[in-house]
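Novice: Dropping the structure in here first, questions after.
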Amino acid sequence: LRKATAQQLKEHNQRLVSKAIYTGQATSRAAIAQETRLTRPTVSQIVGELLQAGLVQEVGPGASSGGKPPMLLGFNDDAYQIIGLHVGGRNSIGAVTDLRGRILTRAVQPSARSEDEGVLLGLCLVLDELRAQATRPLLGIGVSAPGLVDYERGVVHYSANLGWRDLPLKEQLATRCGDRAPIFVDNDTNLAALGERVFGVGGGVDNMVIVMAGTRGIGAGVIINGEIYHGTTGGAGEIGHMPIADHGVPCVCGRQGCLEAVASGWALIRRAQEAAVLYPNSTLSTLAPDTFTFENVRQAVEAGDPVAVALAREAGRYLGLAVATLISTVNPQRVVVGGSVSELGEPFFDSLRCTVAEHTLSLLADQTEILPASLGTDVNALGAVAQVLMGELGLV
Ligand SMILES: [Zn+2]
């Protein structure tokens, strides 16, 4: 037990030192000692180990404060590479990055729907392709999956999109892909939150919420004190079916008035189909109703079609009600809104922000920035990369 404790302490100190160098907070041994409150000999010893491991390099002498100029240290962003993967309903996608989350290469394969084998095969193909293209040793593999995920065991308990139940994803990836690198699995929206926090518009804030409003559904990811908040069984942020509309719009879950039924991509397509019949002057009515896509709606909003713009504002209002609730529950510094619905632009965001201002105590609302997501379709894979950086090196 004593041995384990000494080992843990050493690892903790190592993480403090590498994080100080990684973030650029301290770049000389003396500054690191001051920053981390570790003794100079401890810092020198750890820096020696990090230099030997290739994670850190000496970059040259700094400015002298009278005596011998200090040797400055820099993080070696290329010491390892990381693979981030995302299993989507349509495609499995992934990327190889350096230790700053800079994407070096991407890969994509179709996910076969409702069939464990097919989806896993697509994911393994992406992984194989990326492994073959990695040019440095792998620090780890992060995987983003939809549904209820037990992140500690890497098991997907339930995913409606993929038809998965109690799938030991981490174990299966390790065996089927024959991988020895550490594997981290978490829910896609949780990882989207982490991705934006670390590499996107989250700006590293400690309390943050992301709302992903996509074509298939709506979910939230919550970060509290710098860490993903999972809840008791991994279900935190499952806001798609919270009651939000007081009228009886039917939802795919069998209930009525759910957030998803009024503000997701599929809800917008349905509303646009209805509007196309009711408003023959709208450009929406020039489209064939059964081949309507979300992209049609987005283009009509962009072109300023008044009916489409009203639909975008309506979705913004419903999402705004959900965001107001989240702000009052979590009191975050930032709320990031992503997913295809967020591409509806200014009418959508304006309506969302107005609704939040109207339904939140101004003391809370004034301190919460609401921003569109910035990482696009890379967001989940980059969140998975951040998870590896956090788990293996404690860097973010
Ligand atoms: Zn529902």
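Identifiers in the structure tokens: chain A, B, ... in order shown; residue index from 1 per chain; ligand index from 1 in order shown.
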Quick one: residues within 10 Å of region 285-287 of chain A, only C-alpha atoms, excluding same-chain residues fewer than 2 positions away - as a JSON list (two decimals) with C-alpha atoms, in the first residue's frame?
Specialist:
[["chain", "number", "residue", "atom", "x", "y", "z"],
["A", 272, "ALA", "CA", -41.11, 22.73, -42.67],
["A", 273, "GLN", "CA", -43.18, 20.06, -44.42],
["A", 274, "GLU", "CA", -46.31, 21.31, -42.65],
["A", 275, "ALA", "CA", -45.43, 24.94, -43.42],
["A", 276, "ALA", "CA", -44.86, 24.12, -47.10],
["A", 277, "VAL", "CA", -48.54, 23.14, -47.36],
["A", 278, "LEU", "CA", -49.83, 26.08, -45.30],
["A", 279, "TYR", "CA", -47.75, 28.80, -46.99],
["A", 280, "PRO", "CA", -47.70, 28.34, -50.75],
["A", 281, "ASN", "CA", -45.65, 31.54, -51.17],
["A", 282, "SER", "CA", -42.76, 30.14, -49.16],
["A", 283, "THR", "CA", -39.79, 28.71, -51.07],
["A", 289, "PRO", "CA", -42.32, 17.25, -49.33],
["A", 290, "ASP", "CA", -41.14, 13.63, -48.97],
["A", 291, "THR", "CA", -37.57, 14.35, -50.05],
["A", 292, "PHE", "CA", -37.13, 17.30, -47.69],
["A", 293, "THR", "CA", -33.77, 17.41, -45.95],
["A", 296, "ASN", "CA", -33.22, 22.40, -47.58]]
Novice: For Ala324 (chain A), list every protein, DNA or RNA residue within 9 Å, evaluated using only C-alpha atoms, and leave out those in the same chain fewer than 3 positions away; present the list as a list in words.
Specialist: Leu319, Gly320, Leu321, Ile327, Ser328, Thr329, Thr355, Val356, Ala357, Glu358, His359, Thr360 and Ala365 of chain A
Novice: With all heavy atoms retained, write the just-selected residues as a PDB file, in the first residue's frame.
Specialist:
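Wrote it out as again03.pdb, contents follow:
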ATOM      1  N   LEU A 319     -35.041  25.768 -27.701  1.00  0.00           N
ATOM      2  CA  LEU A 319     -33.715  25.433 -27.169  1.00  0.00           C
ATOM      3  C   LEU A 319     -33.317  26.439 -26.094  1.00  0.00           C
ATOM      4  O   LEU A 319     -32.656  26.083 -25.119  1.00  0.00           O
ATOM      5  CB  LEU A 319     -32.676  25.411 -28.278  1.00  0.00           C
ATOM      6  CG  LEU A 319     -32.474  24.047 -28.923  1.00  0.00           C
ATOM      7  CD1 LEU A 319     -31.510  24.148 -30.085  1.00  0.00           C
ATOM      8  CD2 LEU A 319     -31.944  23.022 -27.922  1.00  0.00           C
ATOM      9  N   GLY A 320     -33.739  27.687 -26.269  1.00  0.00           N
ATOM     10  CA  GLY A 320     -33.460  28.716 -25.274  1.00  0.00           C
ATOM     11  C   GLY A 320     -34.082  28.371 -23.926  1.00  0.00           C
ATOM     12  O   GLY A 320     -33.471  28.608 -22.874  1.00  0.00           O
ATOM     13  N   LEU A 321     -35.290  27.806 -23.950  1.00  0.00           N
ATOM     14  CA  LEU A 321     -35.927  27.390 -22.689  1.00  0.00           C
ATOM     15  C   LEU A 321     -35.088  26.304 -22.013  1.00  0.00           C
ATOM     16  O   LEU A 321     -34.881  26.328 -20.799  1.00  0.00           O
ATOM     17  CB  LEU A 321     -37.344  26.860 -22.962  1.00  0.00           C
ATOM     18  CG  LEU A 321     -38.396  27.900 -23.383  1.00  0.00           C
ATOM     19  CD1 LEU A 321     -39.699  27.219 -23.774  1.00  0.00           C
ATOM     20  CD2 LEU A 321     -38.626  28.913 -22.256  1.00  0.00           C
ATOM     21  N   ILE A 327     -28.688  26.711 -17.406  1.00  0.00           N
ATOM     22  CA  ILE A 327     -27.926  27.802 -16.777  1.00  0.00           C
ATOM     23  C   ILE A 327     -28.309  27.910 -15.299  1.00  0.00           C
ATOM     24  O   ILE A 327     -27.457  28.053 -14.425  1.00  0.00           O
ATOM     25  CB  ILE A 327     -28.166  29.142 -17.510  1.00  0.00           C
ATOM     26  CG1 ILE A 327     -27.497  29.114 -18.887  1.00  0.00           C
ATOM     27  CG2 ILE A 327     -27.635  30.322 -16.689  1.00  0.00           C
ATOM     28  CD1 ILE A 327     -27.746  30.347 -19.733  1.00  0.00           C
ATOM     29  N   SER A 328     -29.600  27.792 -15.013  1.00  0.00           N
ATOM     30  CA  SER A 328     -30.033  27.889 -13.621  1.00  0.00           C
ATOM     31  C   SER A 328     -29.574  26.693 -12.800  1.00  0.00           C
ATOM     32  O   SER A 328     -29.412  26.787 -11.593  1.00  0.00           O
ATOM     33  CB  SER A 328     -31.562  27.982 -13.557  1.00  0.00           C
ATOM     34  OG  SER A 328     -32.009  29.023 -14.386  1.00  0.00           O
ATOM     35  N   THR A 329     -29.358  25.560 -13.429  1.00  0.00           N
ATOM     36  CA  THR A 329     -28.933  24.368 -12.693  1.00  0.00           C
ATOM     37  C   THR A 329     -27.427  24.337 -12.475  1.00  0.00           C
ATOM     38  O   THR A 329     -26.950  23.980 -11.415  1.00  0.00           O
ATOM     39  CB  THR A 329     -29.344  23.091 -13.475  1.00  0.00           C
ATOM     40  OG1 THR A 329     -30.680  23.236 -13.914  1.00  0.00           O
ATOM     41  CG2 THR A 329     -29.223  21.853 -12.605  1.00  0.00           C
ATOM     42  N   THR A 355     -34.565  34.381 -25.512  1.00  0.00           N
ATOM     43  CA  THR A 355     -35.337  33.500 -24.631  1.00  0.00           C
ATOM     44  C   THR A 355     -34.591  33.260 -23.322  1.00  0.00           C
ATOM     45  O   THR A 355     -35.180  33.277 -22.244  1.00  0.00           O
ATOM     46  CB  THR A 355     -35.616  32.153 -25.330  1.00  0.00           C
ATOM     47  OG1 THR A 355     -36.190  32.416 -26.601  1.00  0.00           O
ATOM     48  CG2 THR A 355     -36.549  31.285 -24.506  1.00  0.00           C
ATOM     49  N   VAL A 356     -33.277  33.042 -23.422  1.00  0.00           N
ATOM     50  CA  VAL A 356     -32.474  32.828 -22.213  1.00  0.00           C
ATOM     51  C   VAL A 356     -32.539  34.072 -21.328  1.00  0.00           C
ATOM     52  O   VAL A 356     -32.768  33.984 -20.119  1.00  0.00           O
ATOM     53  CB  VAL A 356     -31.006  32.483 -22.568  1.00  0.00           C
ATOM     54  CG1 VAL A 356     -30.128  32.524 -21.325  1.00  0.00           C
ATOM     55  CG2 VAL A 356     -30.930  31.113 -23.226  1.00  0.00           C
ATOM     56  N   ALA A 357     -32.369  35.257 -21.937  1.00  0.00           N
ATOM     57  CA  ALA A 357     -32.389  36.505 -21.164  1.00  0.00           C
ATOM     58  C   ALA A 357     -33.742  36.672 -20.459  1.00  0.00           C
ATOM     59  O   ALA A 357     -33.811  37.128 -19.318  1.00  0.00           O
ATOM     60  CB  ALA A 357     -32.113  37.691 -22.082  1.00  0.00           C
ATOM     61  N   GLU A 358     -34.788  36.263 -21.161  1.00  0.00           N
ATOM     62  CA  GLU A 358     -36.146  36.434 -20.636  1.00  0.00           C
ATOM     63  C   GLU A 358     -36.443  35.470 -19.470  1.00  0.00           C
ATOM     64  O   GLU A 358     -37.185  35.798 -18.563  1.00  0.00           O
ATOM     65  CB  GLU A 358     -37.109  36.145 -21.789  1.00  0.00           C
ATOM     66  CG  GLU A 358     -38.507  36.667 -21.643  1.00  0.00           C
ATOM     67  CD  GLU A 358     -39.315  36.260 -22.881  1.00  0.00           C
ATOM     68  OE1 GLU A 358     -38.757  36.320 -24.001  1.00  0.00           O
ATOM     69  OE2 GLU A 358     -40.467  35.869 -22.703  1.00  0.00           O
ATOM     70  N   HIS A 359     -35.829  34.278 -19.503  1.00  0.00           N
ATOM     71  CA  HIS A 359     -36.213  33.230 -18.551  1.00  0.00           C
ATOM     72  C   HIS A 359     -35.132  32.865 -17.537  1.00  0.00           C
ATOM     73  O   HIS A 359     -35.224  31.829 -16.895  1.00  0.00           O
ATOM     74  CB  HIS A 359     -36.638  31.966 -19.310  1.00  0.00           C
ATOM     75  CG  HIS A 359     -37.910  32.155 -20.078  1.00  0.00           C
ATOM     76  ND1 HIS A 359     -39.154  32.021 -19.511  1.00  0.00           N
ATOM     77  CD2 HIS A 359     -38.116  32.506 -21.367  1.00  0.00           C
ATOM     78  CE1 HIS A 359     -40.077  32.259 -20.418  1.00  0.00           C
ATOM     79  NE2 HIS A 359     -39.485  32.555 -21.555  1.00  0.00           N
ATOM     80  N   THR A 360     -34.095  33.685 -17.433  1.00  0.00           N
ATOM     81  CA  THR A 360     -33.040  33.378 -16.466  1.00  0.00           C
ATOM     82  C   THR A 360     -32.822  34.619 -15.607  1.00  0.00           C
ATOM     83  O   THR A 360     -32.906  35.739 -16.104  1.00  0.00           O
ATOM     84  CB  THR A 360     -31.715  33.048 -17.194  1.00  0.00           C
ATOM     85  OG1 THR A 360     -32.000  32.208 -18.289  1.00  0.00           O
ATOM     86  CG2 THR A 360     -30.744  32.334 -16.273  1.00  0.00           C
ATOM     87  N   ALA A 365     -27.658  35.033 -16.119  1.00  0.00           N
ATOM     88  CA  ALA A 365     -27.589  35.129 -17.582  1.00  0.00           C
ATOM     89  C   ALA A 365     -26.463  36.057 -18.026  1.00  0.00           C
ATOM     90  O   ALA A 365     -25.763  35.781 -18.992  1.00  0.00           O
ATOM     91  CB  ALA A 365     -28.921  35.614 -18.134  1.00  0.00           C
TER      92      ALA A 365
END
Novice: One number please: CA of Leu361 (chain A) to CA of Ile239 (chain A), in Å, one decimal.
Specialist: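 For CA of Leu361 (chain A) relative to CA of Ile239 (chain A), the distance reads 21.0 Å.
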Novice: Given only C-alpha atoms as the basis, pick out the residue of A:Gly67, A:Pro146, A:Val379, A:Gly304 nearest to Arg90 (chain A).
Specialist: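 Under the stated criterion, the closest residue is A:Pro146.
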Novice: Rank A:Asn76, A:Ser44, A:Thr175, A:Gln256 by their smallest atom-to-atom distance to ligand 1, using only C-alpha atoms and all ligand atoms, and report the top residue only.
Specialist: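 Ranking A:Asn76, A:Ser44, A:Thr175, A:Gln256 by distance to ligand 1, first place goes to A:Gln256.
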Novice: From a backbone DSSP assignment, name each residue in region 70-251 of chain A labelled strand (DSSP E), as a VMD selection string.
Specialist: chain A and resid 71 to 75 81 to 87 91 to 97 103 to 110 138 to 145 148 to 150 155 to 159 164 to 167 183 to 187 208 to 213 218 to 224 227 to 228
Novice: Quick one: residues within 10 Å of ligand 1, with only C-alpha atoms and all ligand atoms, as a list in words?
Specialist: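 Listed by chain and ascending number, the contacts are Gly217, Ile239, Gly240, His241, Met242, Pro243, Val249, Pro250, Cys251, Val252, Cys253, Gly254, Arg255, Gln256, Gly257, Cys258, Leu259, Glu260, Ala261 and Val262 of chain A.
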Novice: Determine, counting only C-alpha atoms, which protein, DNA and RNA residues have an atom within 12 Å of an atom of Thr105 (chain A); residues of the same chain fewer than 3 positions away are not included. Present the result as a ChimeraX atom specification.
Specialist: /A:81-84,93-98,101-102,108,126-127,129-135,378,381
Novice: May I ask which of the residues A:Asp188, A:Leu344, A:Arg317, A:Ile21 is the closest one to Ala300 (chain A), counting only C-alpha atoms?
Specialist: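 Of all the options, A:Leu344 lies closest to Ala300 (chain A).
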Novice: Using only C-alpha atoms, determine which residues lie at most 12 Å from region 226-230 of chain A, disregarding the query and same-chain residues fewer than 5 positions distant; provide the list as a ChimeraX atom specification.
Specialist: /A:148-152,186-195,197-198,202-210,220-221,235-238,330,332-333,383,386-387,390-391,394-396
Novice: Between A:Leu393, A:Leu326, A:Gly231, A:Leu138, which one has atoms that come closest to Tyr22 (chain A), using only C-alpha atoms?
Specialist: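 Ranked by minimum distance to Tyr22 (chain A), first place goes to A:Leu393.
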Novice: Would you list the contacts of Arg40 (chain A) as a short mmCIF file (atom, residue, chain, number, x, y, z; two decimals) with all heavy atoms, in the first residue's frame, taking every protein, DNA or RNA residue within 8 Å and counting only C-alpha atoms, but skipping same-chain residues closer than 4 positions in sequence?
Specialist:
data_model
loop_
_atom_site.label_atom_id
_atom_site.label_comp_id
_atom_site.auth_asym_id
_atom_site.auth_seq_id
_atom_site.Cartn_x
_atom_site.Cartn_y
_atom_site.Cartn_z
N ARG A 29 13.23 25.58 -14.73
CA ARG A 29 13.11 24.73 -13.53
C ARG A 29 12.72 25.57 -12.30
O ARG A 29 11.89 25.15 -11.51
CB ARG A 29 14.41 23.98 -13.30
CG ARG A 29 14.64 22.87 -14.35
CD ARG A 29 16.08 22.35 -14.26
NE ARG A 29 16.35 21.23 -15.14
CZ ARG A 29 16.66 21.34 -16.43
NH1 ARG A 29 16.70 22.53 -17.00
NH2 ARG A 29 16.92 20.27 -17.15
N ALA A 30 13.32 26.77 -12.19
CA ALA A 30 13.03 27.62 -11.03
C ALA A 30 11.56 28.07 -11.04
O ALA A 30 10.88 28.03 -10.02
CB ALA A 30 13.94 28.84 -11.04
N ALA A 33 9.27 25.24 -10.09
CA ALA A 33 9.26 24.99 -8.65
C ALA A 33 8.33 25.99 -7.95
O ALA A 33 7.55 25.63 -7.07
CB ALA A 33 10.68 25.08 -8.10
N SER A 44 13.90 19.20 -10.61
CA SER A 44 15.02 18.82 -11.49
C SER A 44 14.98 17.35 -11.83
O SER A 44 15.22 16.95 -12.98
CB SER A 44 16.35 19.13 -10.81
OG SER A 44 16.53 20.52 -10.78
#
Novice: Excluding Ala31 (chain A) and residues on its chain fewer than 6 positions from it, collect all residues at most 12 Å away from it, counting only C-alpha atoms, and give them as a PDB file with N, CA, C and O atoms, in the first residue's frame.
Specialist:
ATOM      1  N   VAL A  17       4.245  19.021 -13.120  1.00  0.00           N
ATOM      2  CA  VAL A  17       5.381  19.608 -13.844  1.00  0.00           C
ATOM      3  C   VAL A  17       5.110  19.627 -15.345  1.00  0.00           C
ATOM      4  O   VAL A  17       5.292  20.661 -16.004  1.00  0.00           O
ATOM      5  N   ALA A  20       2.594  22.307 -16.250  1.00  0.00           N
ATOM      6  CA  ALA A  20       3.148  23.676 -16.206  1.00  0.00           C
ATOM      7  C   ALA A  20       3.900  23.985 -17.496  1.00  0.00           C
ATOM      8  O   ALA A  20       3.800  25.088 -18.044  1.00  0.00           O
ATOM      9  N   ILE A  21       4.630  22.986 -17.996  1.00  0.00           N
ATOM     10  CA  ILE A  21       5.394  23.197 -19.240  1.00  0.00           C
ATOM     11  C   ILE A  21       4.451  23.212 -20.444  1.00  0.00           C
ATOM     12  O   ILE A  21       4.562  24.056 -21.330  1.00  0.00           O
ATOM     13  N   GLY A  24       2.627  26.357 -20.724  1.00  0.00           N
ATOM     14  CA  GLY A  24       3.503  27.519 -20.859  1.00  0.00           C
ATOM     15  C   GLY A  24       3.496  28.416 -19.636  1.00  0.00           C
ATOM     16  O   GLY A  24       4.019  29.526 -19.657  1.00  0.00           O
ATOM     17  N   GLN A  25       2.892  27.931 -18.528  1.00  0.00           N
ATOM     18  CA  GLN A  25       2.844  28.742 -17.303  1.00  0.00           C
ATOM     19  C   GLN A  25       4.235  28.916 -16.707  1.00  0.00           C
ATOM     20  O   GLN A  25       4.516  29.926 -16.076  1.00  0.00           O
ATOM     21  N   ARG A  37       5.032  24.572  -6.437  1.00  0.00           N
ATOM     22  CA  ARG A  37       5.395  24.491  -5.011  1.00  0.00           C
ATOM     23  C   ARG A  37       6.112  23.187  -4.668  1.00  0.00           C
ATOM     24  O   ARG A  37       6.041  22.711  -3.530  1.00  0.00           O
ATOM     25  N   LEU A  38       6.758  22.606  -5.661  1.00  0.00           N
ATOM     26  CA  LEU A  38       7.609  21.454  -5.399  1.00  0.00           C
ATOM     27  C   LEU A  38       9.022  21.978  -5.140  1.00  0.00           C
ATOM     28  O   LEU A  38       9.352  23.096  -5.539  1.00  0.00           O
ATOM     29  N   THR A  39       9.860  21.142  -4.481  1.00  0.00           N
ATOM     30  CA  THR A  39      11.229  21.604  -4.216  1.00  0.00           C
ATOM     31  C   THR A  39      12.036  21.595  -5.521  1.00  0.00           C
ATOM     32  O   THR A  39      11.708  20.861  -6.454  1.00  0.00           O
ATOM     33  N   ARG A  40      13.110  22.400  -5.549  1.00  0.00           N
ATOM     34  CA  ARG A  40      13.968  22.452  -6.742  1.00  0.00           C
ATOM     35  C   ARG A  40      14.526  21.080  -7.099  1.00  0.00           C
ATOM     36  O   ARG A  40      14.489  20.699  -8.277  1.00  0.00           O
ATOM     37  N   VAL A  43      11.815  18.998  -8.732  1.00  0.00           N
ATOM     38  CA  VAL A  43      11.532  19.471 -10.088  1.00  0.00           C
ATOM     39  C   VAL A  43      12.644  19.037 -11.047  1.00  0.00           C
ATOM     40  O   VAL A  43      12.368  18.529 -12.140  1.00  0.00           O
ATOM     41  N   SER A  44      13.903  19.198 -10.613  1.00  0.00           N
ATOM     42  CA  SER A  44      15.024  18.823 -11.485  1.00  0.00           C
ATOM     43  C   SER A  44      14.976  17.347 -11.832  1.00  0.00           C
ATOM     44  O   SER A  44      15.221  16.951 -12.976  1.00  0.00           O
ATOM     45  N   GLY A  62      17.203  31.297 -21.363  1.00  0.00           N
ATOM     46  CA  GLY A  62      16.295  32.431 -21.219  1.00  0.00           C
ATOM     47  C   GLY A  62      17.053  33.667 -20.772  1.00  0.00           C
ATOM     48  O   GLY A  62      18.286  33.669 -20.748  1.00  0.00           O
ATOM     49  N   PRO A  70      18.790  30.898 -17.152  1.00  0.00           N
ATOM     50  CA  PRO A  70      18.130  29.599 -16.980  1.00  0.00           C
ATOM     51  C   PRO A  70      17.908  28.911 -18.324  1.00  0.00           C
ATOM     52  O   PRO A  70      17.715  29.575 -19.340  1.00  0.00           O
ATOM     53  N   MET A  71      17.961  27.567 -18.322  1.00  0.00           N
ATOM     54  CA  MET A  71      17.657  26.812 -19.538  1.00  0.00           C
ATOM     55  C   MET A  71      16.135  26.690 -19.649  1.00  0.00           C
ATOM     56  O   MET A  71      15.476  26.254 -18.707  1.00  0.00           O
ATOM     57  N   LEU A  72      15.581  27.127 -20.764  1.00  0.00           N
ATOM     58  CA  LEU A  72      14.125  27.068 -20.929  1.00  0.00           C
ATOM     59  C   LEU A  72      13.688  25.714 -21.482  1.00  0.00           C
ATOM     60  O   LEU A  72      14.400  25.087 -22.261  1.00  0.00           O
ATOM     61  N   LEU A  73      12.496  25.319 -21.046  1.00  0.00           N
ATOM     62  CA  LEU A  73      11.964  24.013 -21.445  1.00  0.00           C
ATOM     63  C   LEU A  73      10.725  24.189 -22.297  1.00  0.00           C
ATOM     64  O   LEU A  73       9.937  25.108 -22.098  1.00  0.00           O
TER      65      LEU A  73
END
Novice: Report as an NGL selection string: the residues of region 16-55 of chain A with a DSSP assignment of helix (DSSP H, G or I), based on the backbone of this structure.
Specialist: :A and (16-22 or 29-36 or 40-53)
Novice: Expressed in Å to a single decimal, how great is the separation between CA of Leu16 (chain A) and CA of Pro61 (chain A)?
Specialist: 22.4 Å
Novice: Nearest to Tyr318 (chain A): which of A:Asp166, A:Asp128, A:Glu196, A:Asp246 is it, counting only C-alpha atoms?
Specialist: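 Result for the nearest residue to Tyr318 (chain A): A:Asp246.
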Novice: Which residue is closest to Val56 (chain A)? Choose from A:Thr42, A:His86, A:Ala107, A:Leu99 and count only C-alpha atoms.
Specialist: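 Counting only C-alpha atoms, the residue closest to Val56 (chain A) is A:Leu99.
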Novice: So how many Å separate CA of Arg136 (chain A) and CA of Arg180 (chain A), to one decimal?
Specialist: 14.6 Å
Novice: List as a ChimeraX atom specification the protein and nucleic acid residues near Arg176 (chain A), meaning an atom at most 10 Å away when only C-alpha atoms are counted, but skip any in the same chain fewer than 6 places from it.
Specialist: /A:120-121,124
